[in-house]
Amino acid sequence: MSLRINHYQANSAAYEAMMALEAFVKKSGLDRDLYELIKLRVSQINGCSFCIDKHGKDMLKNGESIDRILLLTVWREVDLYSDKEKAVLELTEHLTNISEAGVPDHVYSQVRAHFDEKQYIDLIMAVNTINCWNRLGIATGMSPGCFVR
């Protein structure tokens, strides 16, 4: 895929709005490694190659194991993720695919076992933010290395 539009050059105000969302999530207190899991899982679901590449590499730089990165698509089938992470990954998938089943009560309850009300909203905002980035990346034709060619 070739870059259709450089979103920053075409509309810097839209980019700044996205950066404000990103800043909100980063200031929320959400664990950085958990946020990276969310970013990578959402990007896998949405098929955003730019973000899969970026966040997988970011996770490696931050010390994440290669197994946890490579096996994230099958997180239910392996014992590499904590119950807290599994609850977040389940919420992440339901929010990303919201039209399929919404967020079932059991998913809400699993997440709330680990997070308070504010943190639950912070998680929703984290999932929303990477979904927005994915849609921006896919719609503008972003792919790994597209800005360095």
# chains A, B, ... in the order shown; residues from 1 in each chain; ligands from 1
>>> residues_around(residues="Leu40 in chain A", least_positions_apart="4", cutoff="7 Å", atoms="only C-alpha atoms", output="PyMOL selection string")
chain A and resi 36+44+52+55-56
>>> residues_around(residues="Tyr120 in chain A", least_positions_apart="3", cutoff="12 Å", atoms="only C-alpha atoms", output="ChimeraX atom specification")
/A:25,28-30,87-88,91-92,107-117,123-127
>>> write_last_selection(atoms="N, CA, C and O atoms", output="CSV table (one decimal), in the first residue's frame")
chain,number,residue,atom,x,y,z
A,25,VAL,N,-5.0,9.8,27.5
A,25,VAL,CA,-4.8,8.4,28.0
A,25,VAL,C,-3.5,8.3,28.7
A,25,VAL,O,-3.4,7.6,29.8
A,28,SER,N,-3.7,9.5,32.2
A,28,SER,CA,-4.8,8.8,33.0
A,28,SER,C,-4.3,7.9,34.1
A,28,SER,O,-5.0,7.6,35.1
A,29,GLY,N,-3.1,7.5,34.0
A,29,GLY,CA,-2.5,6.6,35.0
A,29,GLY,C,-2.6,5.1,34.5
A,29,GLY,O,-2.1,4.2,35.3
A,30,LEU,N,-3.1,4.9,33.3
A,30,LEU,CA,-3.1,3.6,32.8
A,30,LEU,C,-1.7,3.0,32.6
A,30,LEU,O,-0.8,3.8,32.1
A,87,ALA,N,-9.0,-9.7,31.1
A,87,ALA,CA,-10.2,-8.9,31.2
A,87,ALA,C,-10.1,-7.7,30.3
A,87,ALA,O,-11.1,-7.4,29.6
A,88,VAL,N,-9.0,-7.0,30.2
A,88,VAL,CA,-8.8,-5.9,29.4
A,88,VAL,C,-8.8,-6.2,27.9
A,88,VAL,O,-9.4,-5.5,27.1
A,91,LEU,N,-12.4,-6.8,26.9
A,91,LEU,CA,-13.1,-5.5,26.7
A,91,LEU,C,-12.6,-4.9,25.4
A,91,LEU,O,-13.4,-4.3,24.7
A,92,THR,N,-11.3,-4.9,25.2
A,92,THR,CA,-10.8,-4.3,24.0
A,92,THR,C,-11.4,-4.9,22.7
A,92,THR,O,-11.8,-4.1,21.8
A,107,VAL,N,-18.4,-9.2,30.7
A,107,VAL,CA,-17.1,-8.5,30.4
A,107,VAL,C,-16.9,-7.3,31.3
A,107,VAL,O,-15.8,-7.1,31.8
A,108,TYR,N,-18.0,-6.6,31.4
A,108,TYR,CA,-17.9,-5.4,32.4
A,108,TYR,C,-17.5,-5.9,33.8
A,108,TYR,O,-16.7,-5.3,34.4
A,109,SER,N,-18.1,-6.9,34.3
A,109,SER,CA,-17.8,-7.4,35.6
A,109,SER,C,-16.4,-7.9,35.7
A,109,SER,O,-15.8,-7.7,36.8
A,110,GLN,N,-15.9,-8.6,34.7
A,110,GLN,CA,-14.5,-9.0,34.7
A,110,GLN,C,-13.5,-7.8,34.8
A,110,GLN,O,-12.6,-7.9,35.6
A,111,VAL,N,-13.8,-6.8,34.1
A,111,VAL,CA,-12.9,-5.6,34.1
A,111,VAL,C,-13.1,-4.9,35.4
A,111,VAL,O,-12.0,-4.5,36.0
A,112,ARG,N,-14.3,-4.8,35.9
A,112,ARG,CA,-14.5,-4.0,37.2
A,112,ARG,C,-13.9,-4.8,38.4
A,112,ARG,O,-13.6,-4.2,39.4
A,113,ALA,N,-13.6,-6.1,38.2
A,113,ALA,CA,-12.9,-6.8,39.3
A,113,ALA,C,-11.5,-6.3,39.5
A,113,ALA,O,-10.9,-6.5,40.6
A,114,HIS,N,-11.0,-5.6,38.5
A,114,HIS,CA,-9.6,-5.1,38.5
A,114,HIS,C,-9.5,-3.6,38.5
A,114,HIS,O,-8.4,-3.1,38.8
A,115,PHE,N,-10.5,-2.9,38.1
A,115,PHE,CA,-10.4,-1.5,37.8
A,115,PHE,C,-11.7,-0.8,38.4
A,115,PHE,O,-12.8,-1.3,38.3
A,116,ASP,N,-11.5,0.4,38.9
A,116,ASP,CA,-12.6,1.2,39.4
A,116,ASP,C,-13.3,1.9,38.3
A,116,ASP,O,-12.9,1.7,37.1
A,117,GLU,N,-14.3,2.7,38.6
A,117,GLU,CA,-15.1,3.3,37.6
A,117,GLU,C,-14.3,4.3,36.7
A,117,GLU,O,-14.4,4.2,35.4
A,123,LEU,N,-9.9,3.0,30.3
A,123,LEU,CA,-9.7,1.9,29.4
A,123,LEU,C,-10.5,2.1,28.1
A,123,LEU,O,-10.0,1.8,27.0
A,124,ILE,N,-11.7,2.5,28.2
A,124,ILE,CA,-12.6,2.8,27.0
A,124,ILE,C,-11.9,3.9,26.2
A,124,ILE,O,-11.8,3.7,25.0
A,125,MET,N,-11.4,4.9,26.8
A,125,MET,CA,-10.7,6.0,26.0
A,125,MET,C,-9.4,5.4,25.4
A,125,MET,O,-9.1,5.9,24.2
A,126,ALA,N,-8.7,4.6,26.0
A,126,ALA,CA,-7.5,4.0,25.4
A,126,ALA,C,-7.9,3.2,24.1
A,126,ALA,O,-7.2,3.3,23.1
A,127,VAL,N,-8.9,2.4,24.2
A,127,VAL,CA,-9.4,1.6,23.1
A,127,VAL,C,-9.9,2.5,22.0
A,127,VAL,O,-9.6,2.3,20.8
>>> closest_atom_pairs(of="range 9-60 of chain A", to="range 139-149 of chain A", cutoff="7 Å", atoms="only C-alpha atoms", output="tab-separated table")
residue	atom	partner	partner_atom	distance
A:Ser49	CA	A:Ser143	CA	5.5
A:Phe50	CA	A:Ser143	CA	4.3
A:Asp53	CA	A:Pro144	CA	6.2
>>> write_last_selection(atoms="C-alpha atoms", output="mmCIF file, in the first residue's frame")
data_model
loop_
_atom_site.group_PDB
_atom_site.id
_atom_site.type_symbol
_atom_site.label_atom_id
_atom_site.label_comp_id
_atom_site.auth_asym_id
_atom_site.auth_seq_id
_atom_site.Cartn_x
_atom_site.Cartn_y
_atom_site.Cartn_z
ATOM 1 C CA SER A 49 -0.061 -2.671 9.408
ATOM 2 C CA PHE A 50 1.530 0.655 10.361
ATOM 3 C CA ASP A 53 4.591 -2.643 13.241
#
>>> select_by_dssp(residues="range 12-142 of chain A", states="helix (DSSP H, G or I)", output="PyMOL selection string")
chain A and resi 12-27+32-46+49-61+66-70+72-77+83-96+98-101+105-112+117-139
>>> atom_distance(atom1="CA of Asp31 in chain A", atom2="CA of Asn62 in chain A")
12.4 Å
>>> residues_around(residues="Asn128 in chain A", least_positions_apart="6", cutoff="12 Å", atoms="only C-alpha atoms", output="PyMOL selection string")
chain A and resi 18+21-22+24-25+35+38-39+42-43+91-98+121-122+134-135
